[in-house]
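**Q** After the structure tokens below, expect a handful of questions from me.
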Amino acid sequence: MDPDIPQVIVVGSCMTDLVSITPRLPKAGETIHGSKFFIGFGGKGANQCIQAARLGAQTAMVCKVGDDSFGNNYIENFKKNNVCTDFAVQTAAAATGAASIIVNAEGQNAIVIVAGANLLLDSGDLAKASAAISGARVMVCQLEISPQVSLEALKIAHNSGVKTIFNPAPAIADLEPAFFTHSDIFCCNESEAEILTGIPVNGPGDAGAAGLVLLERGCNLVLVTLGGEGCVIISKEDPTPKHIATHKVTAVDTTGAGDSFIGALAFYIASYPQLSIEEMVKRSNHIASISVQAAGTQTSYPYRKDLPQDFFS
């Protein structure tokens with residue numbers, strides 16, 4: 001394989017995270033004291049890309065950031081993480097996307113995102129990246145950029161026989177039907193599954209029921225992630241829901257754990273296609289569970305060298 005062609009290409013968002021650590025989440029109109037503040041790199045797309053890169057995948061990011069200090073820092077961050085930045089564009093027309101994140105003592109979070117430059121990623125940007133998308137092994141996208149651009153990216157990849165992973169986050173209740181039929185792997189969490197199907201998801205049984213509804217809409221394989229409860233797999237080949245549990249850990253900060261899971265899954269599909277989906281999910285769950293044991297988003301993502309080497313066989 002050409003070393004310059006990415007194995008994993010992510011079309012999606014970059015956010016600068018402005019994180020406050022507090023004893024609890026404030027109520028409306030309330031001011032509380034936090035114990036710590038830091039600025040980090042986030043955005044679902046970039047998070048997923050960075051995790052795949054840290055595990056050893058050749059990656060590229062298709063995104064748009066502002067022509068501002070946050071944007072400059074983000075491009076630098078990709079380079080430090082060995083992510084190809086050929087399709088990471090800076091624009092003067094909007095600020096780099098930002099996320100204000102509050103994390104409480106239990107590691108739960110409340111997040112406000114302002115998409116900014118992310119919403120300016122367009123068909124022209126995809127056209128420039130289309131050869132790289134078509135030549136990749138896996139293409140990943142989400143909904144923190146314009147949904148039409150995500151769908152167009154899925155179509156380019158799908159029509160070229162590239163495996164597609166779609167993460168419908170933040171979820172839209174009336175998602176266009178083509179999203180389902182162009183997603184090889186449709187990966188959502190409990191709340192996204194509920195928004196998409198109307199089925200409240202409170203455990204593996206509900207996740208299986210919601211997954212079957214999504215499968216009927218045309219996906220090949222649905223993954224419903226359940227945080228500390230692991231993940232449920234439902235596929236066309238085997239529509240019996242399978243619950244893959246994960247080992248229990250003490251969460252310090254759950255921000256970005258779902259993105260760690262998807263980045264790890266993209267890595268495994270690209271690098272170890274011979275593994276069963278159950279084994280890929282098991283390993284990806286484990287990697288995501290490591291990420292919740294440290295503060296921050298990308299700062300908590302493990303590198304290949306820090307993981308058991310049997311994860312890479």
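As shown in the structure tokens, the chain order sets the letters A, B, ...; within each chain, residues go from 1, and ligands are also counted from 1 in the order they appear.
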Can you pull out every residue from segment 2-155 of chain A that DSSP, working from the backbone, puts in helix (DSSP H, G or I), and format the result as a VMD selection string?
**A** chain A and resid 44 to 54 69 to 80 116 to 120 123 to 135 147 to 155
**Q** Determine, using only C-alpha atoms, which residues of segment 171-219 of chain A have any atom at most 12 Å from an atom of segment 128-151 of chain A, and tabulate each with its shortest atom pair and distance in Å to one decimal place, rows ordered by chain and then rising number, as a Markdown table.
**A**
| residue | atom | partner | partner_atom | distance |
| --- | --- | --- | --- | --- |
| A:Ala171 | CA | A:Leu143 | CA | 7.3 |
| A:Ile172 | CA | A:Leu143 | CA | 8.5 |
| A:Asp174 | CA | A:Pro147 | CA | 11.5 |
| A:Leu175 | CA | A:Pro147 | CA | 8.9 |
| A:Glu176 | CA | A:Leu151 | CA | 8.8 |
| A:Pro177 | CA | A:Leu151 | CA | 10.2 |
| A:Ala178 | CA | A:Leu151 | CA | 7.5 |
| A:Phe179 | CA | A:Leu151 | CA | 6.2 |
| A:Phe180 | CA | A:Leu151 | CA | 9.8 |
| A:Thr181 | CA | A:Leu151 | CA | 10.5 |
| A:His182 | CA | A:Leu151 | CA | 8.1 |
| A:Ser183 | CA | A:Val140 | CA | 9.5 |
| A:Asp184 | CA | A:Val138 | CA | 9.9 |
| A:Ile185 | CA | A:Val140 | CA | 9.5 |
| A:Phe186 | CA | A:Val140 | CA | 10.2 |
| A:Cys187 | CA | A:Gln142 | CA | 9.7 |
| A:Cys188 | CA | A:Gln142 | CA | 10.0 |
| A:Glu192 | CA | A:Leu143 | CA | 11.5 |
**Q** Which residues are close to Val224 of chain A, i.e. within 8 Å by only C-alpha atoms, leaving aside same-chain residues fewer than 5 positions away? Reply as a ChimeraX atom specification.
**A** /A:187-190,193,207-208,211,231-233
**Q** Atoms to include: C-alpha atoms. Write the selected residues as an mmCIF file, in the first residue's frame.
**A**
data_model
loop_
_atom_site.group_PDB
_atom_site.id
_atom_site.type_symbol
_atom_site.label_atom_id
_atom_site.label_comp_id
_atom_site.auth_asym_id
_atom_site.auth_seq_id
_atom_site.Cartn_x
_atom_site.Cartn_y
_atom_site.Cartn_z
ATOM 1 C CA CYS A 187 -22.240 3.459 15.615
ATOM 2 C CA CYS A 188 -24.316 5.411 18.139
ATOM 3 C CA ASN A 189 -24.593 5.689 21.919
ATOM 4 C CA GLU A 190 -27.716 5.198 24.079
ATOM 5 C CA ALA A 193 -30.148 5.514 19.525
ATOM 6 C CA ALA A 207 -30.012 -1.315 22.778
ATOM 7 C CA GLY A 208 -30.737 -4.519 20.859
ATOM 8 C CA GLY A 211 -30.381 -1.595 16.887
ATOM 9 C CA CYS A 231 -21.602 -2.362 23.505
ATOM 10 C CA VAL A 232 -24.348 -4.231 21.617
ATOM 11 C CA ILE A 233 -23.742 -5.522 18.059
#
**Q** Counting only C-alpha atoms, what are the residues of segment 212-300 of chain A within 12 Å of segment 20-23 of chain A, and for each of them which pair of atoms is the nearest and at what distance in Å, to one decimal? Sort the table by chain and rising number, as JSON lines.
**A**
{"residue": "A:Val252", "atom": "CA", "partner": "A:Ile21", "partner_atom": "CA", "distance": 10.8}
{"residue": "A:Asp253", "atom": "CA", "partner": "A:Ile21", "partner_atom": "CA", "distance": 9.7}
{"residue": "A:Thr255", "atom": "CA", "partner": "A:Ile21", "partner_atom": "CA", "distance": 11.9}
{"residue": "A:Ala295", "atom": "CA", "partner": "A:Ile21", "partner_atom": "CA", "distance": 9.5}
{"residue": "A:Gly296", "atom": "CA", "partner": "A:Ile21", "partner_atom": "CA", "distance": 10.0}
**Q** Dump C-alpha atoms for the selected residues as a PDB file, in the first residue's frame?
**A**
ATOM      1  CA  VAL A 252     -12.116  10.211  36.001  1.00  0.00           C
ATOM      2  CA  ASP A 253     -13.456  11.948  32.859  1.00  0.00           C
ATOM      3  CA  THR A 255     -15.329  13.150  27.703  1.00  0.00           C
ATOM      4  CA  ALA A 295      -8.587  13.791  32.505  1.00  0.00           C
ATOM      5  CA  GLY A 296      -9.096  15.572  29.202  1.00  0.00           C
TER       6      GLY A 296
END
**Q** Residues at most 9 Å from Phe261 of chain A, counting only C-alpha atoms, excluding those fewer than 3 positions away in the same chain, as a compact mmCIF listing (two decimals) with N, CA and C atoms, in the first residue's frame?
**A**
# COMPACT_ATOMS: atom_id res chain seq x y z
N GLN A 48 -11.47 11.10 16.91
CA GLN A 48 -11.46 9.75 16.33
C GLN A 48 -10.20 9.52 15.49
N GLN A 51 -7.07 9.15 17.83
CA GLN A 51 -6.96 7.84 18.48
C GLN A 51 -6.50 6.78 17.47
N THR A 225 -23.29 1.79 21.68
CA THR A 225 -22.35 1.81 22.80
C THR A 225 -23.10 2.20 24.08
N GLY A 256 -15.12 12.23 25.47
CA GLY A 256 -14.38 11.71 24.32
C GLY A 256 -14.18 10.20 24.32
N ALA A 257 -14.77 9.48 25.28
CA ALA A 257 -14.57 8.02 25.33
C ALA A 257 -15.18 7.34 24.11
N GLY A 258 -16.35 7.83 23.69
CA GLY A 258 -17.00 7.26 22.50
C GLY A 258 -16.15 7.46 21.26
N ALA A 264 -10.45 3.65 17.62
CA ALA A 264 -9.83 2.33 17.77
C ALA A 264 -10.45 1.33 16.79
N LEU A 265 -11.78 1.39 16.66
CA LEU A 265 -12.47 0.48 15.74
C LEU A 265 -12.01 0.71 14.29
N ALA A 266 -11.86 1.98 13.90
CA ALA A 266 -11.38 2.31 12.54
C ALA A 266 -9.98 1.73 12.33
N VAL A 281 -14.46 -5.05 18.59
CA VAL A 281 -15.24 -4.26 19.56
C VAL A 281 -14.69 -4.44 20.97
N ARG A 283 -11.60 -5.14 21.89
CA ARG A 283 -10.34 -4.39 22.02
C ARG A 283 -10.61 -2.88 22.05
N SER A 284 -11.53 -2.42 21.21
CA SER A 284 -11.86 -0.98 21.16
C SER A 284 -12.49 -0.52 22.46
N ASN A 285 -13.36 -1.36 23.04
CA ASN A 285 -13.95 -1.09 24.36
C ASN A 285 -12.86 -0.90 25.39
N HIS A 286 -11.87 -1.79 25.36
CA HIS A 286 -10.79 -1.77 26.35
C HIS A 286 -9.99 -0.47 26.22
N ILE A 287 -9.71 -0.08 24.97
CA ILE A 287 -8.95 1.15 24.73
C ILE A 287 -9.73 2.37 25.23
N ALA A 288 -11.05 2.39 24.96
CA ALA A 288 -11.89 3.50 25.43
C ALA A 288 -11.95 3.53 26.96
N SER A 289 -11.94 2.34 27.59
CA SER A 289 -12.00 2.29 29.06
C SER A 289 -10.72 2.83 29.68
**Q** Show which residues sit within 10 Å of Asn202 of chain A, as a count of residues only. Count only C-alpha atoms, and ignore same-chain residues fewer than 3 positions away.
**A** 8
**Q** Just how far from atom CA of Ala117 of chain A is atom CA of Ala157 of chain A, in Å to one decimal?
**A**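 Separating atom CA of Ala157 of chain A from atom CA of Ala117 of chain A is a distance of 23.3 Å.
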